[in-house]
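**Q** File name protein.cif; file contents mmCIF, C-alpha atoms and all ligand atoms; full text below.
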```cif
data_coords
#
loop_
_atom_site.label_atom_id
_atom_site.label_comp_id
_atom_site.auth_asym_id
_atom_site.auth_seq_id
_atom_site.Cartn_x
_atom_site.Cartn_y
_atom_site.Cartn_z
CA MET A 733 -56.91 -45.62 -78.39
CA SER A 734 -53.14 -45.21 -78.73
CA ARG A 735 -50.95 -42.35 -79.79
CA GLY A 736 -48.23 -42.68 -82.40
CA LEU A 737 -46.08 -41.11 -85.09
CA VAL A 738 -46.74 -41.63 -88.80
CA ILE A 739 -43.44 -42.95 -90.15
CA LYS A 740 -44.43 -43.98 -93.65
CA ASN A 741 -47.29 -43.53 -96.06
CA THR A 742 -47.63 -45.76 -99.06
CA GLY A 743 -50.79 -44.74 -100.83
CA SER A 744 -53.69 -45.62 -98.57
CA LEU A 745 -51.68 -47.32 -95.83
CA PHE A 746 -49.87 -45.59 -93.01
CA LEU A 747 -47.21 -47.09 -90.81
CA VAL A 748 -47.54 -45.70 -87.31
CA GLU A 749 -44.97 -46.11 -84.57
CA LEU A 750 -46.89 -46.26 -81.31
CA GLU A 751 -45.52 -44.87 -78.07
CA ASP A 752 -44.59 -48.35 -76.86
CA GLY A 753 -42.29 -48.71 -79.88
CA SER A 754 -44.46 -51.13 -81.83
CA ILE A 755 -45.26 -50.39 -85.46
CA VAL A 756 -48.76 -50.89 -86.82
CA GLU A 757 -50.20 -50.67 -90.29
CA THR A 758 -53.21 -48.38 -90.33
CA ASN A 759 -55.67 -46.77 -92.69
CA LEU A 760 -57.89 -43.74 -92.52
CA ARG A 761 -61.35 -44.38 -91.21
CA GLY A 762 -64.16 -43.45 -93.60
CA ARG A 763 -65.79 -40.68 -91.65
CA PHE A 764 -62.43 -39.16 -90.91
CA ARG A 765 -61.71 -38.78 -94.60
CA LEU A 766 -64.67 -36.47 -94.94
CA LYS A 767 -63.25 -33.91 -92.55
CA GLY A 768 -62.51 -31.62 -95.49
CA ILE A 769 -58.80 -30.92 -95.30
CA ARG A 770 -57.81 -29.06 -98.44
CA SER A 771 -54.82 -31.06 -99.48
CA THR A 772 -54.28 -34.04 -101.68
CA ASN A 773 -53.08 -35.91 -98.61
CA PRO A 774 -54.63 -35.37 -95.19
CA VAL A 775 -52.13 -37.41 -93.16
CA VAL A 776 -48.36 -37.25 -93.68
CA VAL A 777 -45.14 -38.51 -92.16
CA GLY A 778 -44.41 -36.64 -88.98
CA ASP A 779 -48.06 -36.44 -88.00
CA VAL A 780 -48.92 -37.47 -84.47
CA VAL A 781 -52.13 -39.47 -84.60
CA GLU A 782 -54.55 -41.43 -82.48
CA VAL A 783 -55.05 -44.99 -83.60
CA GLU A 784 -58.07 -47.17 -82.86
CA GLU A 785 -58.48 -50.69 -84.20
CA GLU A 786 -55.84 -50.15 -86.89
CA SER A 787 -57.43 -46.94 -88.07
CA ILE A 788 -56.23 -43.38 -87.72
CA VAL A 789 -59.08 -41.57 -86.02
CA GLU A 790 -57.48 -38.24 -85.17
CA ILE A 791 -54.49 -36.07 -86.13
CA GLU A 792 -52.99 -33.80 -83.54
CA PRO A 793 -52.51 -30.17 -84.57
CA ARG A 794 -49.27 -29.67 -86.53
CA LYS A 795 -46.63 -27.30 -85.29
CA ASN A 796 -45.43 -26.89 -88.87
CA TYR A 797 -45.50 -28.61 -92.25
CA ILE A 798 -43.86 -28.26 -95.59
CA ILE A 799 -45.73 -28.37 -98.85
CA ARG A 800 -45.20 -28.75 -102.54
CA LYS A 801 -47.61 -27.22 -105.00
CA SER A 802 -49.11 -30.10 -106.94
CA SER A 803 -48.92 -28.24 -110.24
CA ASN A 804 -49.29 -24.76 -111.60
CA LEU A 805 -52.83 -25.45 -112.68
CA SER A 806 -54.25 -26.88 -109.51
CA LYS A 807 -54.62 -24.84 -106.37
CA GLU A 808 -54.16 -27.95 -104.30
CA SER A 809 -50.97 -28.55 -102.46
CA HIS A 810 -49.23 -31.68 -101.42
CA ILE A 811 -47.96 -31.80 -97.86
CA LEU A 812 -44.56 -33.46 -97.69
CA ALA A 813 -44.00 -33.77 -93.96
CA ALA A 814 -45.15 -32.33 -90.65
CA ASN A 815 -43.83 -31.47 -87.20
CA ILE A 816 -40.22 -31.08 -88.21
CA ASP A 817 -38.02 -30.01 -85.30
CA GLN A 818 -35.05 -28.94 -87.40
CA VAL A 819 -33.57 -29.05 -90.87
CA PHE A 820 -29.93 -29.76 -91.56
CA LEU A 821 -29.04 -27.79 -94.65
CA VAL A 822 -26.01 -29.52 -96.12
CA ILE A 823 -23.84 -27.26 -98.28
CA THR A 824 -20.43 -27.55 -99.92
CA ILE A 825 -17.92 -25.02 -101.21
CA LYS A 826 -16.94 -27.24 -104.11
CA LYS A 827 -17.97 -30.49 -105.73
CA PRO A 828 -20.61 -29.13 -105.99
CA GLU A 829 -20.55 -25.45 -105.12
CA THR A 830 -23.68 -24.42 -103.25
CA PRO A 831 -24.75 -20.96 -104.45
CA PHE A 832 -25.32 -18.34 -101.75
CA GLU A 833 -28.68 -17.67 -103.27
CA PHE A 834 -29.73 -21.27 -102.72
CA ILE A 835 -28.76 -21.01 -99.05
CA ASP A 836 -30.59 -17.73 -98.55
CA ARG A 837 -33.74 -18.89 -100.32
CA PHE A 838 -33.72 -21.99 -98.19
CA LEU A 839 -33.31 -20.01 -94.97
CA LEU A 840 -36.09 -17.66 -96.01
CA THR A 841 -38.54 -20.48 -96.58
CA ALA A 842 -37.54 -22.34 -93.41
CA ASN A 843 -38.02 -19.10 -91.54
CA ALA A 844 -41.49 -18.72 -93.00
CA TYR A 845 -42.28 -22.32 -92.05
CA HIS A 846 -40.94 -21.74 -88.53
CA ILE A 847 -38.40 -24.54 -88.84
CA PRO A 848 -34.98 -24.05 -87.24
CA VAL A 849 -32.02 -24.65 -89.57
CA VAL A 850 -28.57 -26.03 -88.81
CA ILE A 851 -26.05 -25.50 -91.60
CA VAL A 852 -23.65 -28.37 -92.21
CA LEU A 853 -20.72 -27.38 -94.40
CA ASN A 854 -19.57 -30.76 -95.65
CA LYS A 855 -16.47 -31.99 -97.51
CA VAL A 856 -14.07 -29.71 -95.60
CA ASP A 857 -11.43 -32.38 -96.23
CA ILE A 858 -11.06 -31.27 -99.86
CA LEU A 859 -10.68 -27.54 -99.20
CA ASP A 860 -7.37 -25.74 -99.80
CA GLU A 861 -6.31 -22.77 -97.70
CA ASP A 862 -8.25 -20.15 -99.66
CA GLU A 863 -11.36 -22.27 -99.71
CA MET A 864 -11.03 -22.88 -95.98
CA ALA A 865 -10.91 -19.10 -95.51
CA LEU A 866 -14.15 -18.88 -97.46
CA ALA A 867 -15.64 -21.58 -95.22
CA ASP A 868 -14.67 -19.50 -92.18
CA ALA A 869 -16.26 -16.43 -93.74
CA ILE A 870 -19.47 -18.38 -94.37
CA LYS A 871 -19.47 -19.49 -90.75
CA GLY A 872 -18.90 -15.89 -89.68
CA LEU A 873 -21.83 -14.68 -91.73
CA TYR A 874 -24.36 -17.34 -90.87
CA GLN A 875 -23.36 -18.19 -87.31
CA GLN A 876 -22.01 -14.99 -85.79
CA ASN A 877 -24.16 -12.52 -87.72
CA LEU A 878 -27.35 -14.46 -88.33
CA GLY A 879 -27.42 -16.93 -85.44
CA TYR A 880 -27.53 -20.23 -87.31
CA LYS A 881 -25.37 -23.03 -86.01
CA VAL A 882 -22.74 -23.91 -88.63
CA ILE A 883 -20.98 -27.26 -88.39
CA PHE A 884 -17.94 -28.10 -90.55
CA SER A 885 -18.03 -31.75 -91.48
CA SER A 886 -16.28 -34.45 -93.41
CA VAL A 887 -17.48 -37.95 -93.96
CA LEU A 888 -13.88 -38.93 -94.68
CA THR A 889 -12.22 -37.63 -91.51
CA GLY A 890 -15.27 -37.80 -89.28
CA GLU A 891 -15.03 -34.11 -88.40
CA GLY A 892 -18.34 -32.73 -87.17
CA VAL A 893 -20.14 -36.04 -87.30
CA GLU A 894 -20.45 -36.39 -83.51
CA GLU A 895 -21.74 -32.85 -83.27
CA VAL A 896 -24.49 -33.65 -85.75
CA ARG A 897 -25.24 -36.91 -83.97
CA LEU A 898 -25.76 -35.14 -80.64
CA MET A 899 -28.17 -32.70 -82.23
CA LEU A 900 -30.35 -35.49 -83.62
CA LYS A 901 -31.30 -36.80 -80.19
CA ASP A 902 -35.05 -36.85 -79.51
CA LYS A 903 -35.82 -34.71 -82.55
CA LEU A 904 -37.47 -35.17 -85.91
CA SER A 905 -34.97 -33.85 -88.43
CA LEU A 906 -34.81 -33.34 -92.15
CA PHE A 907 -31.66 -33.40 -94.27
CA SER A 908 -31.80 -31.04 -97.23
CA GLY A 909 -29.40 -29.69 -99.77
CA ASN A 910 -28.44 -30.00 -103.39
CA SER A 911 -27.72 -33.35 -104.89
CA GLY A 912 -24.14 -34.49 -104.35
CA VAL A 913 -23.35 -32.52 -101.19
CA GLY A 914 -23.21 -35.68 -99.08
CA LYS A 915 -26.59 -36.06 -97.36
CA SER A 916 -26.78 -39.81 -97.80
CA SER A 917 -23.09 -40.21 -96.93
CA LEU A 918 -23.60 -38.31 -93.68
CA LEU A 919 -26.65 -40.35 -92.74
CA ASN A 920 -24.72 -43.53 -93.46
CA VAL A 921 -21.86 -42.63 -91.12
CA LEU A 922 -24.36 -41.63 -88.48
CA ASP A 923 -25.99 -45.03 -88.82
CA PRO A 924 -24.31 -47.58 -91.11
CA SER A 925 -27.36 -49.85 -90.95
CA LEU A 926 -29.24 -47.34 -93.09
CA ASP A 927 -27.11 -48.27 -96.08
CA LEU A 928 -28.41 -45.44 -98.26
CA LYS A 929 -27.18 -45.29 -101.80
CA VAL A 930 -24.36 -42.82 -102.29
CA GLY A 931 -23.22 -41.28 -105.54
CA ASP A 932 -24.48 -39.58 -108.63
CA VAL A 933 -27.56 -41.66 -109.22
CA SER A 934 -30.32 -40.57 -106.94
CA ARG A 935 -32.86 -43.02 -105.68
CA GLN A 936 -35.52 -41.06 -107.49
CA HIS A 937 -33.86 -41.57 -110.86
CA GLN A 938 -33.43 -45.24 -110.22
CA THR A 939 -37.08 -45.82 -109.66
CA GLY A 940 -38.08 -43.92 -112.77
CA MET A 941 -39.46 -40.50 -113.48
CA HIS A 942 -43.11 -41.08 -112.83
CA THR A 943 -43.12 -43.24 -109.75
CA THR A 944 -44.11 -41.55 -106.58
CA THR A 945 -41.45 -42.10 -104.01
CA TYR A 946 -42.68 -42.07 -100.47
CA SER A 947 -41.27 -40.18 -97.55
CA GLU A 948 -40.14 -42.25 -94.64
CA VAL A 949 -38.99 -41.66 -91.08
CA PHE A 950 -35.86 -43.49 -89.93
CA SER A 951 -34.79 -43.96 -86.33
CA ILE A 952 -31.17 -42.93 -86.08
CA ALA A 953 -28.80 -41.88 -83.29
CA ASP A 954 -31.57 -41.65 -80.68
CA GLY A 955 -33.54 -39.41 -82.98
CA LYS A 956 -35.59 -39.56 -86.13
CA VAL A 957 -34.77 -38.41 -89.63
CA ILE A 958 -37.14 -37.93 -92.53
CA ASP A 959 -35.91 -39.12 -95.86
CA SER A 960 -38.03 -37.54 -98.51
CA PRO A 961 -37.06 -37.78 -102.14
CA GLY A 962 -39.39 -34.84 -102.82
CA ILE A 963 -37.48 -32.39 -100.69
CA LYS A 964 -34.16 -31.16 -101.99
CA GLY A 965 -34.61 -27.61 -101.10
CA PHE A 966 -38.02 -26.24 -100.64
CA GLY A 967 -39.56 -23.77 -103.02
CA ILE A 968 -40.43 -20.26 -102.04
CA ILE A 969 -43.96 -20.20 -100.73
CA ASP A 970 -46.33 -17.40 -101.64
CA MET A 971 -45.02 -14.23 -100.11
CA GLU A 972 -45.38 -10.52 -100.37
CA ALA A 973 -42.39 -8.28 -100.92
CA SER A 974 -42.67 -6.98 -97.38
CA ASP A 975 -42.51 -10.54 -96.03
CA ILE A 976 -39.22 -11.11 -97.75
CA SER A 977 -37.31 -8.36 -96.02
CA LYS A 978 -38.99 -9.38 -92.77
CA PHE A 979 -37.42 -12.82 -93.07
CA PHE A 980 -34.00 -11.37 -93.88
CA PRO A 981 -33.23 -10.17 -90.35
CA ASP A 982 -29.99 -8.49 -91.41
CA ILE A 983 -31.89 -6.39 -93.96
CA ALA A 984 -34.92 -5.86 -91.71
CA HIS A 985 -32.60 -4.43 -89.08
CA TYR A 986 -31.77 -1.45 -91.29
CA ALA A 987 -35.08 -1.24 -93.19
CA ARG A 988 -36.68 0.41 -90.18
CA ASN A 989 -34.70 3.54 -90.94
CA CYS A 990 -35.63 3.84 -94.60
CA ARG A 991 -37.41 7.01 -95.57
CA PHE A 992 -40.39 5.22 -97.10
CA ASP A 993 -42.36 2.58 -95.21
CA ASP A 994 -42.81 0.55 -98.38
CA CYS A 995 -39.17 0.88 -99.44
CA LYS A 996 -38.02 -2.16 -101.36
CA HIS A 997 -34.36 -1.21 -101.04
CA ILE A 998 -33.65 -1.29 -104.75
CA ASN A 999 -33.14 2.34 -105.79
CA GLU A 1000 -35.28 4.42 -103.46
CA PRO A 1001 -33.90 7.67 -102.03
CA ASN A 1002 -32.77 7.67 -98.40
CA CYS A 1003 -32.74 3.89 -98.22
CA ALA A 1004 -31.00 2.79 -95.02
CA VAL A 1005 -30.44 -0.71 -96.41
CA LEU A 1006 -28.53 0.54 -99.46
CA GLU A 1007 -26.55 2.77 -97.15
CA ALA A 1008 -25.69 -0.15 -94.86
CA LEU A 1009 -24.73 -2.20 -97.89
CA GLU A 1010 -22.35 0.50 -99.02
CA GLN A 1011 -20.78 0.59 -95.58
CA GLN A 1012 -20.39 -3.20 -95.74
CA LYS A 1013 -22.70 -3.73 -92.79
CA ILE A 1014 -24.80 -6.09 -94.89
CA ALA A 1015 -23.12 -8.91 -96.82
CA VAL A 1016 -23.26 -8.37 -100.58
CA SER A 1017 -24.26 -12.01 -101.10
CA ARG A 1018 -27.23 -11.59 -98.77
CA TYR A 1019 -28.38 -8.43 -100.49
CA ASN A 1020 -28.05 -10.05 -103.91
CA SER A 1021 -30.15 -13.00 -102.75
CA TYR A 1022 -32.78 -10.65 -101.37
CA LYS A 1023 -32.90 -8.67 -104.59
CA SER A 1024 -33.10 -11.74 -106.76
CA ILE A 1025 -35.98 -13.21 -104.76
CA LEU A 1026 -37.79 -9.90 -104.86
CA LEU A 1027 -37.39 -9.55 -108.63
CA ASP A 1028 -38.66 -13.11 -109.09
CA LEU A 1029 -41.79 -12.17 -107.19
CA ASP A 1030 -42.37 -9.12 -109.38
CA GLU A 1031 -41.93 -11.22 -112.47
CA LYS A 1032 -44.56 -13.69 -111.30
CA LYS A 1033 -46.96 -10.89 -110.50
CA TYR A 1034 -46.83 -9.41 -113.99
CA ARG A 1035 -46.87 -12.63 -115.94
N1 LIG B 1101 -14.31 -35.76 -100.05
C1 LIG B 1101 -15.54 -35.97 -99.57
N2 LIG B 1101 -16.48 -36.54 -100.34
C2 LIG B 1101 -17.72 -36.74 -99.83
C3 LIG B 1101 -18.05 -36.35 -98.51
N3 LIG B 1101 -19.35 -36.63 -98.31
C4 LIG B 1101 -19.80 -37.19 -99.44
N4 LIG B 1101 -18.84 -37.27 -100.36
C5 LIG B 1101 -18.96 -37.81 -101.74
O1 LIG B 1101 -19.86 -36.99 -102.48
C6 LIG B 1101 -20.62 -37.76 -103.38
C7 LIG B 1101 -22.11 -37.52 -103.19
O2 LIG B 1101 -22.51 -37.99 -101.91
P1 LIG B 1101 -24.01 -38.38 -101.55
O3 LIG B 1101 -24.02 -38.79 -100.11
O4 LIG B 1101 -24.57 -39.33 -102.53
O5 LIG B 1101 -24.72 -36.95 -101.71
P2 LIG B 1101 -26.30 -36.61 -101.67
O6 LIG B 1101 -26.74 -36.49 -103.09
O7 LIG B 1101 -26.38 -35.29 -100.98
O8 LIG B 1101 -27.00 -37.69 -100.90
C8 LIG B 1101 -20.22 -39.20 -103.16
O9 LIG B 1101 -19.28 -39.55 -104.14
C9 LIG B 1101 -19.58 -39.20 -101.78
O10 LIG B 1101 -18.62 -40.21 -101.62
C10 LIG B 1101 -17.02 -35.73 -97.70
O11 LIG B 1101 -17.21 -35.32 -96.56
N5 LIG B 1101 -15.79 -35.56 -98.29
MG MG B 1102 -28.59 -38.89 -101.46
ZN ZN B 1103 -34.82 0.82 -98.10
#
```
Written as structure tokens, that's how I'd like the structure from this file.
Ligand SMILES: Nc1nc2c(ncn2[C@@H]2O[C@H](COP(=O)(O)OP(=O)(O)O)[C@@H](O)[C@H]2O)c(=O)[nH]1
Ligand SMILES: [Mg+2]
Ligand SMILES: [Zn+2]

**A**
Amino acid sequence: MSRGLVIKNTGSLFLVELEDGSIVETNLRGRFRLKGIRSTNPVVVGDVVEVEEESIVEIEPRKNYIIRKSSNLSKESHILAANIDQVFLVITIKKPETPFEFIDRFLLTANAYHIPVVIVLNKVDILDEDEMALADAIKGLYQQNLGYKVIFSSVLTGEGVEEVRLMLKDKLSLFSGNSGVGKSSLLNVLDPSLDLKVGDVSRQHQTGMHTTTYSEVFSIADGKVIDSPGIKGFGIIDMEASDISKFFPDIAHYARNCRFDDCKHINEPNCAVLEALEQQKIAVSRYNSYKSILLDLDEKKYR
């Protein structure tokens, strides 16, 4: 039996990179299939598996995984990838502008999934002075206040690229972010042999709306990166209102002092969060994201 990492899944076949570096094509053994895992796909990229005679006979417990709900109707979920060490959230101030709410929703979900996030603020080469000041403020908020590493980068000048490269070493990483922020461009400068398509047309569009595009693990800069067309951001997973403030550490910090234990920090009396907001101890953008996510939840509940 040998141990390996699932690097690609195309339907019923799984490519597994064994510990000696060789890559084998495997399938799932019959009896293993019956093990009743409630997902449309029991084995995914990022899984560490035991292989015997070209069959996957065991999956090691996952430290995390990210899912996509198959559809509103079905209760089944589709697992996109497992055992992710870190996510690089690529954002830009312009061309395109990444909304704060997108960033905060992303951080919330990653937090719930227990996946560390590194924020890469790309395209700093096109920022004027005012926009650069905004970039510094974003770094102040997310790095100094919230503890996320923030790396300024530019594919054109090479700024930040080495820093990203060093962080990839020996890890399984995911690159996320809105379309057009420069994910493929960054991966290409990190490893030109990848030759990913850059520009407006995403690979998904090229292959047509209804084709399933498969996730794949690339070896790059002494590490591994998952390229998954299905993951741009990741949706908010099912959460209770109380979970949301828990995963906003800046809000949770003050929520302890609210008068009511179940305070939602919207309009309750003696709310320590609203007080902190007024005193500018909580960033307005963060509070707005929190509120918007909370209201979305309420809407879903009453639909
Ligand atoms: N000025 C500038 N343009 C960039 C940078 N990174 C990417 N781009 C451009 O942004 C566009 C989208 O890049 P792409 O890598 O396809 O983004 P993706 O959708 O996130 O994969 C392309 O036209 C790139 O040339 C950068 O650091 N600076
Ligand atoms: Mg791309
Ligand atoms: Zn409150």

**Q** Which residues of chain A have any atom within 7 Å of an atom in ligand MG 1102 (chain B) when counting only C-alpha atoms and all ligand atoms, and what is the closest pair of atoms for each, with the distance in Å to one decimal? Order the rows by chain and rising number and write it as CSV.

**A**
```
residue,atom,partner,partner_atom,distance
A:Ser911,CA,B:MG1102,MG,6.6
A:Gly912,CA,B:MG1102,MG,6.9
A:Gly914,CA,B:MG1102,MG,6.7
A:Lys915,CA,B:MG1102,MG,5.4
A:Ser916,CA,B:MG1102,MG,4.2
A:Lys929,CA,B:MG1102,MG,6.6
A:Val930,CA,B:MG1102,MG,5.8
A:Ser934,CA,B:MG1102,MG,6.0
```

**Q** Rounded to one decimal, what separation in Å do you get between CA of Phe907 (chain A) and atom O11 of ligand LIG 1101 (chain B)?

**A**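 Spanning CA of Phe907 (chain A) to atom O11 of ligand LIG 1101 (chain B) is a straight-line distance of 14.8 Å.
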
**Q** Could you please determine the separation between CA of Ser734 (chain A) and CA of Val783 (chain A) in Å, to one decimal place?

**A** 5.2 Å

**Q** Can you pull out every residue with an atom within 6 Å of ligand ZN 1103 (chain B)? Use all atoms listed in the file and format it as an MDAnalysis selection string.

**A** chainID A and resid 987 990 995:997 1003:1005

**Q** So, with only C-alpha atoms and all ligand atoms as the atoms that count, which of A:Leu1027, A:Val949, A:Met864, A:Leu821 lies closest to ligand LIG 1101 (chain B)?

**A**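 Between A:Leu1027, A:Val949, A:Met864, A:Leu821, the residue approaching ligand LIG 1101 (chain B) most closely is A:Leu821.
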
**Q** So which residues are near ligand LIG 1101 (chain B), meaning at most 9 Å away with all atoms listed in the file counted, given back as a ChimeraX atom specification?

**A** /A:822-823,827-828,853-858,885-891,907-920,928-934,964

**Q** Would you write out those residues with C-alpha atoms, as an mmCIF file, keeping the file's coordinate frame?

**A**
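And here is the file that came out, again.cif:
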```
data_model
loop_
_atom_site.group_PDB
_atom_site.id
_atom_site.type_symbol
_atom_site.label_atom_id
_atom_site.label_comp_id
_atom_site.auth_asym_id
_atom_site.auth_seq_id
_atom_site.Cartn_x
_atom_site.Cartn_y
_atom_site.Cartn_z
ATOM 1 C CA VAL A 822 -26.010 -29.520 -96.120
ATOM 2 C CA ILE A 823 -23.840 -27.260 -98.280
ATOM 3 C CA LYS A 827 -17.970 -30.490 -105.730
ATOM 4 C CA PRO A 828 -20.610 -29.130 -105.990
ATOM 5 C CA LEU A 853 -20.720 -27.380 -94.400
ATOM 6 C CA ASN A 854 -19.570 -30.760 -95.650
ATOM 7 C CA LYS A 855 -16.470 -31.990 -97.510
ATOM 8 C CA VAL A 856 -14.070 -29.710 -95.600
ATOM 9 C CA ASP A 857 -11.430 -32.380 -96.230
ATOM 10 C CA ILE A 858 -11.060 -31.270 -99.860
ATOM 11 C CA SER A 885 -18.030 -31.750 -91.480
ATOM 12 C CA SER A 886 -16.280 -34.450 -93.410
ATOM 13 C CA VAL A 887 -17.480 -37.950 -93.960
ATOM 14 C CA LEU A 888 -13.880 -38.930 -94.680
ATOM 15 C CA THR A 889 -12.220 -37.630 -91.510
ATOM 16 C CA GLY A 890 -15.270 -37.800 -89.280
ATOM 17 C CA GLU A 891 -15.030 -34.110 -88.400
ATOM 18 C CA PHE A 907 -31.660 -33.400 -94.270
ATOM 19 C CA SER A 908 -31.800 -31.040 -97.230
ATOM 20 C CA GLY A 909 -29.400 -29.690 -99.770
ATOM 21 C CA ASN A 910 -28.440 -30.000 -103.390
ATOM 22 C CA SER A 911 -27.720 -33.350 -104.890
ATOM 23 C CA GLY A 912 -24.140 -34.490 -104.350
ATOM 24 C CA VAL A 913 -23.350 -32.520 -101.190
ATOM 25 C CA GLY A 914 -23.210 -35.680 -99.080
ATOM 26 C CA LYS A 915 -26.590 -36.060 -97.360
ATOM 27 C CA SER A 916 -26.780 -39.810 -97.800
ATOM 28 C CA SER A 917 -23.090 -40.210 -96.930
ATOM 29 C CA LEU A 918 -23.600 -38.310 -93.680
ATOM 30 C CA LEU A 919 -26.650 -40.350 -92.740
ATOM 31 C CA ASN A 920 -24.720 -43.530 -93.460
ATOM 32 C CA LEU A 928 -28.410 -45.440 -98.260
ATOM 33 C CA LYS A 929 -27.180 -45.290 -101.800
ATOM 34 C CA VAL A 930 -24.360 -42.820 -102.290
ATOM 35 C CA GLY A 931 -23.220 -41.280 -105.540
ATOM 36 C CA ASP A 932 -24.480 -39.580 -108.630
ATOM 37 C CA VAL A 933 -27.560 -41.660 -109.220
ATOM 38 C CA SER A 934 -30.320 -40.570 -106.940
ATOM 39 C CA LYS A 964 -34.160 -31.160 -101.990
#
```

**Q** Looking at A:Tyr797, A:Tyr986, A:Tyr1022, A:Phe950, which one is nearest to Glu749 (chain A), with distances taken over only C-alpha atoms?

**A**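 Among A:Tyr797, A:Tyr986, A:Tyr1022, A:Phe950, it is A:Phe950 that comes nearest to Glu749 (chain A).
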
**Q** CA of Val957 (chain A) and CA of Arg761 (chain A), how far apart in Å?

**A**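 It comes out at 27.3 Å.
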
**Q** May I have the residues within 10 Å of Ala984 (chain A) as a PyMOL selection string, using all atoms listed in the file and disregarding those fewer than 6 positions away in the same chain?

**A** chain A and resi 974-978+1005

**Q** Out of A:Leu840, A:Phe832, A:Asp862, A:Tyr946, which residue has the shortest atom-to-atom distance to Phe746 (chain A) when counting all atoms listed in the file?

**A** A:Tyr946

**Q** Counting only C-alpha atoms, figure out which residue out of A:Asp868, A:Asp752, A:Asp923, A:Glu1007 gets nearest to Val893 (chain A).

**A** A:Asp923

**Q** With distances taken over all atoms listed in the file, which residue among A:Ser1021, A:Ser925, A:Thr841, A:Ser754 lies nearest Val819 (chain A)?

**A** A:Thr841

**Q** Considering all atoms listed in the file, return as an MDAnalysis selection string whatever protein or nucleic-acid residues lie within 8 Å of Leu904 (chain A), sequence-local ones (same chain, fewer than 2 positions apart) excluded.

**A** chainID A and resid 778 815:818 900 902 906 955:958

**Q** Which of these residues is nearest to Ile788 (chain A), using all atoms listed in the file: A:Ala813, A:Leu747, A:Leu760, A:Val776?

**A**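 The shortest atom-to-atom distance to Ile788 (chain A) comes from A:Leu760.
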
**Q** Need to verify the contact set: Leu745 (chain A), 8 Å, all atoms listed in the file, exclusion of same-chain residues closer than 5 positions in sequence. Can you return it as JSON, numbers by chain?

**A** {"A": [757, 758, 759, 760]}
